[in-house]
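The next block is query_13.cif, given as mmCIF, C-alpha atoms.
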```
data_final
loop_
_atom_site.label_atom_id
_atom_site.label_comp_id
_atom_site.auth_asym_id
_atom_site.auth_seq_id
_atom_site.Cartn_x
_atom_site.Cartn_y
_atom_site.Cartn_z
CA MET M 1 -3.06 16.16 -8.16
CA TRP M 2 -3.89 13.89 -5.23
CA TYR M 3 -5.02 15.18 -1.84
CA VAL M 4 -5.68 13.31 1.40
CA VAL M 5 -8.97 13.59 3.29
CA GLN M 6 -9.36 12.40 6.87
CA VAL M 7 -12.62 10.55 7.55
CA GLN M 8 -14.15 8.46 10.30
CA THR M 9 -12.32 5.17 10.82
CA GLY M 10 -14.24 2.27 9.33
CA ARG M 11 -16.23 4.50 6.95
CA GLU M 12 -13.57 5.07 4.32
CA LEU M 13 -15.36 3.19 1.53
CA GLU M 14 -18.76 4.61 2.47
CA THR M 15 -17.50 8.22 2.49
CA ALA M 16 -15.62 7.83 -0.79
CA GLU M 17 -18.76 6.44 -2.43
CA LYS M 18 -20.86 9.36 -1.15
CA CYS M 19 -18.37 11.79 -2.66
CA ARG M 20 -18.39 10.00 -6.02
CA ASN M 21 -22.18 9.89 -6.12
CA GLN M 22 -22.92 13.39 -4.86
CA ILE M 23 -20.20 15.98 -5.38
CA ILE M 24 -17.42 15.12 -7.83
CA LYS M 25 -17.14 16.79 -11.22
CA PRO M 26 -15.87 15.33 -14.52
CA GLY M 27 -12.14 14.68 -14.31
CA GLU M 28 -12.20 14.20 -10.53
CA ASP M 29 -12.06 11.01 -8.50
CA VAL M 30 -12.39 10.00 -4.86
CA PHE M 31 -11.04 6.62 -3.83
CA VAL M 32 -9.64 4.39 -1.11
CA VAL M 33 -6.34 2.55 -1.52
CA LEU M 34 -6.92 -1.14 -0.78
CA ALA M 35 -4.72 -4.20 -0.36
CA GLU M 36 -5.43 -7.85 -1.10
CA ARG M 37 -4.57 -10.03 1.88
CA MET M 38 -5.18 -13.64 2.79
CA ARG M 39 -7.43 -14.15 5.84
CA GLN M 40 -7.80 -17.43 7.67
CA ILE M 41 -11.46 -18.32 8.12
CA GLY M 42 -11.62 -21.50 10.15
CA ARG M 43 -9.22 -23.85 8.40
CA GLU M 44 -9.43 -22.11 5.05
CA TRP M 45 -7.57 -19.11 3.65
CA GLU M 46 -9.60 -16.54 1.71
CA LEU M 47 -8.47 -13.54 -0.34
CA ARG M 48 -9.96 -10.35 1.10
CA GLN M 49 -9.50 -6.62 0.54
CA SER M 50 -8.66 -4.22 3.35
CA VAL M 51 -8.04 -0.47 3.65
CA ILE M 52 -4.33 0.35 3.64
CA PHE M 53 -4.58 3.83 5.16
CA LYS M 54 -7.07 3.72 8.01
CA SER M 55 -9.15 6.92 8.36
CA TYR M 56 -7.99 8.36 5.02
CA ILE M 57 -9.36 8.62 1.50
CA PHE M 58 -7.78 10.25 -1.56
CA VAL M 59 -9.07 12.93 -3.91
CA GLU M 60 -7.81 13.58 -7.42
CA THR M 61 -8.73 17.10 -8.49
CA ALA M 62 -7.28 20.16 -10.21
CA ASP M 63 -9.35 22.55 -8.05
CA ILE M 64 -9.11 21.62 -4.38
CA ASP M 65 -10.77 24.87 -3.22
CA SER M 66 -13.92 24.09 -5.20
CA PHE M 67 -13.87 20.49 -4.00
CA ARG M 68 -13.63 21.57 -0.35
CA LEU M 69 -16.76 23.70 -0.73
CA ARG M 70 -18.65 20.75 -2.21
CA LEU M 71 -17.24 18.40 0.42
CA SER M 72 -19.05 20.36 3.15
CA LYS M 73 -22.34 19.05 1.73
CA ILE M 74 -21.43 15.45 2.60
CA GLU M 75 -23.06 14.21 5.80
CA ALA M 76 -19.90 12.72 7.22
CA MET M 77 -16.80 13.75 9.14
CA THR M 78 -14.24 14.96 6.58
CA LYS M 79 -11.13 17.10 6.67
CA VAL M 80 -8.72 17.82 3.82
CA LEU M 81 -5.20 17.50 5.23
CA SER M 82 -2.87 20.45 5.02
CA THR M 83 0.74 21.40 5.64
CA GLY M 84 0.55 24.14 8.21
CA GLU M 85 -2.31 26.41 7.15
CA GLU M 86 -2.02 25.60 3.45
CA VAL M 87 -3.84 22.72 1.76
CA THR M 88 -1.24 20.84 -0.26
CA PRO M 89 -1.31 17.73 -2.46
CA ILE M 90 0.84 14.73 -1.71
CA ARG M 91 4.30 14.88 -3.22
CA PRO M 92 4.72 13.82 -6.87
CA GLU M 93 6.99 10.91 -5.88
CA GLU M 94 4.41 9.75 -3.31
CA GLU M 95 1.64 9.86 -5.89
CA GLU M 96 3.76 7.98 -8.42
CA PHE M 97 4.57 5.21 -5.94
CA LEU M 98 0.92 4.76 -4.93
CA LYS M 99 -0.04 4.56 -8.61
CA ARG M 100 2.51 1.80 -9.15
CA LEU M 101 1.42 0.02 -5.99
CA GLY M 102 -2.33 0.00 -6.65
CA GLY M 103 -2.64 0.46 -10.39
CA LYS M 104 -5.73 2.00 -12.01
CA GLU M 105 -8.05 0.25 -9.54
CA HIS M 106 -6.07 1.47 -6.50
CA ILE M 107 -5.74 -2.11 -5.22
CA ALA M 108 -2.36 -3.49 -4.11
CA ARG M 109 -2.60 -7.03 -5.45
CA TYR M 110 -1.55 -10.04 -3.38
CA SER M 111 2.13 -10.85 -3.89
CA GLN M 112 3.99 -14.13 -4.04
CA GLY M 113 7.66 -14.99 -3.88
CA TYR M 114 10.27 -17.20 -2.28
CA MET M 115 13.23 -16.89 0.05
CA VAL M 116 16.85 -17.31 -1.00
CA GLY M 117 18.69 -17.49 2.30
CA ASP M 118 17.47 -14.38 4.13
CA LYS M 119 16.50 -12.53 0.93
CA LEU M 120 13.02 -12.27 -0.54
CA VAL M 121 12.48 -12.68 -4.28
CA VAL M 122 9.06 -11.35 -5.36
CA THR M 123 7.70 -13.05 -8.48
CA GLU M 124 4.27 -11.40 -8.77
CA GLY M 125 2.01 -8.82 -7.15
CA ALA M 126 2.22 -5.29 -5.77
CA LEU M 127 5.51 -5.83 -3.91
CA GLN M 128 7.44 -6.11 -7.16
CA GLY M 129 9.66 -3.05 -7.46
CA CYS M 130 9.41 -2.04 -3.79
CA GLY M 131 13.11 -2.71 -3.17
CA GLY M 132 14.31 -1.77 0.30
CA ARG M 133 10.92 -0.58 1.51
CA CYS M 134 10.18 -4.02 3.02
CA LYS M 135 10.79 -3.95 6.79
CA TRP M 136 9.66 -7.39 7.93
CA ILE M 137 7.73 -10.46 6.86
CA ASP M 138 5.33 -12.74 8.70
CA ARG M 139 5.18 -15.95 6.66
CA HIS M 140 2.53 -17.52 8.86
CA ARG M 141 0.10 -14.59 8.59
CA ARG M 142 1.09 -14.07 4.94
CA ILE M 143 1.86 -10.37 5.22
CA ALA M 144 4.78 -8.01 4.67
CA VAL M 145 5.22 -4.54 6.11
CA ILE M 146 6.70 -1.81 3.94
CA GLU M 147 7.54 1.83 4.52
CA ILE M 148 5.59 4.42 2.54
CA GLU M 149 6.03 8.18 2.59
CA LEU M 150 2.78 10.13 2.76
CA MET M 151 2.47 13.88 3.27
CA GLY M 152 6.16 14.00 4.10
CA ARG M 153 6.17 11.39 6.86
CA VAL M 154 6.99 7.69 6.84
CA VAL M 155 4.25 5.20 7.72
CA ASP M 156 4.20 1.40 7.90
CA VAL M 157 1.53 -0.48 5.97
CA LYS M 158 0.65 -4.16 5.67
CA LEU M 159 0.45 -5.87 2.29
CA GLY M 160 -0.42 -9.44 1.39
CA LEU M 161 2.52 -11.75 0.66
CA GLY M 162 2.75 -15.50 0.24
CA VAL M 163 6.22 -17.05 0.54
CA VAL M 164 5.88 -20.33 -1.33
CA LYS M 165 9.28 -21.81 -0.51
CA LYS M 166 12.69 -21.20 1.01
CA ILE M 167 15.83 -22.41 -0.70
CA LYS M 168 19.42 -22.57 0.48
CA GLU M 169 21.55 -19.67 -0.67
CA THR M 170 24.34 -20.70 -3.04
CA ASN M 171 27.21 -18.52 -4.17
CA GLN M 172 25.46 -17.97 -7.52
CA GLU M 173 22.14 -17.03 -5.90
CA ALA M 174 23.93 -14.78 -3.39
CA ALA M 175 25.49 -12.87 -6.27
CA LYS M 176 22.06 -12.45 -7.87
CA CYS M 177 20.49 -11.20 -4.64
CA SER M 178 23.33 -8.80 -3.86
CA GLY M 179 22.83 -6.89 -7.12
CA ARG M 180 26.53 -6.94 -8.03
CA PRO M 181 26.94 -5.53 -11.59
CA GLU M 182 29.03 -8.45 -12.84
CA ARG M 183 26.15 -10.85 -12.23
CA PRO M 184 22.60 -10.83 -13.68
CA ALA M 185 19.96 -9.50 -11.31
CA GLY M 186 17.71 -12.52 -11.77
CA ARG M 187 15.20 -13.69 -14.33
CA GLY M 188 11.83 -12.20 -15.11
CA GLY M 189 12.45 -8.87 -13.39
CA HIS M 190 12.10 -10.40 -9.93
CA THR M 191 12.58 -7.99 -7.09
CA VAL M 192 14.92 -8.81 -4.23
CA MET M 193 14.27 -7.32 -0.81
CA PRO M 194 15.75 -7.90 2.65
CA SER M 195 13.47 -9.96 4.83
CA GLY M 196 14.24 -8.20 8.09
CA ASP M 197 13.17 -9.60 11.46
CA TRP M 198 10.04 -11.70 10.94
CA SER M 199 8.98 -11.45 14.58
CA ARG M 200 9.38 -7.71 14.91
CA GLU M 201 6.20 -5.77 15.67
CA GLN M 202 5.76 -2.33 14.10
CA LYS M 203 3.32 0.47 14.78
CA MET M 204 0.74 0.72 11.99
CA LEU M 205 -1.03 3.76 10.61
#
```

Could I get this structure in the form of structure tokens?
Amino acid sequence: MWYVVQVQTGRELETAEKCRNQIIKPGEDVFVVLAERMRQIGREWELRQSVIFKSYIFVETADIDSFRLRLSKIEAMTKVLSTGEEVTPIRPEEEEFLKRLGGKEHIARYSQGYMVGDKLVVTEGALQGCGGRCKWIDRHRRIAVIEIELMGRVVDVKLGLGVVKKIKETNQEAAKCSGRPERPAGRGGHTVMPSGDWSREQKML
């Protein structure tokens, strides 16, 4: 089961590494969920990794009580999140979605796609299969914001997305994007999501 640990902002990777090196037992893991995003450095764009959930790391363990005792030995600010007074793992559906999003390396890979009218078709990357979770897109900054449930509440997170082109919506493409059963949903398992308002600003976790 996966649990969430609150740590000092900016020290997520450092704290996770300390836990892996000093206190975890066989079968356990401590990790940070990362996202690949394009950053503009001068006139060039470079692929970088950033922390998706600021101030949080994740623990996979079958014995959270034992892990909490060992966690107290780490010289860093840490707190296992709880629901009320009880320490609880994240929900099974939340864990499953994060596994699909980040894979075995817990890295949400940079996505690419194209626009058909006001619909987004994702051809590769972590945003495939996210469906209606996409809230808005910023083509110029090459990011998309999706909604993710964590510990029972909805948070907005930024993921890398490159929109390579925009094509005019035809009747045939509109049928594909709408998901009507009498028409094929598109080739190659492409995922169609609403683009939302590109200029809308959202509060981030």

Contacts of range 29-33 of chain M within 10 Å, all atoms listed in the file, excl. fewer than 6 positions in-chain, as a PyMOL selection string: chain M and resi 2-5+12-21+23+49-61+98-99+101-103+105-108

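For the pair CA of Ile41 in chain M and CA of Arg139 in chain M, the separation is 16.9 Å.
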
Result set, the PyMOL selection byres ((chain M and resi 149-166) around 9) on current file, as a VMD selection string: chain M and resid 4 35 to 38 52 to 53 81 to 83 88 to 91 93 to 95 108 to 118 120 122 125 to 127 135 137 to 148 167 to 168 202 to 205

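Of note, CA of Ser72 in chain M and CA of Lys104 in chain M are spaced 27.3 Å apart.
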
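Minimum atom-to-atom distance to Ala62 in chain M, evaluated using all atoms listed in the file, belongs to M:Gly27 out of M:Gly27, M:Pro92, M:Glu86, M:Ala76.
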
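Between CA of Gln128 in chain M and CA of Phe97 in chain M there is a distance of 11.7 Å.
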
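In terms of minimum interatomic distance to Arg11 in chain M, M:Met77 ranks closest within M:Leu34, M:Leu71, M:Met77, M:Val121, counting only C-alpha atoms.
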
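Using only C-alpha atoms, the nearest neighbour of Met1 in chain M within the list M:Gly129, M:Arg68, M:Glu96, M:Arg48 is M:Glu96.
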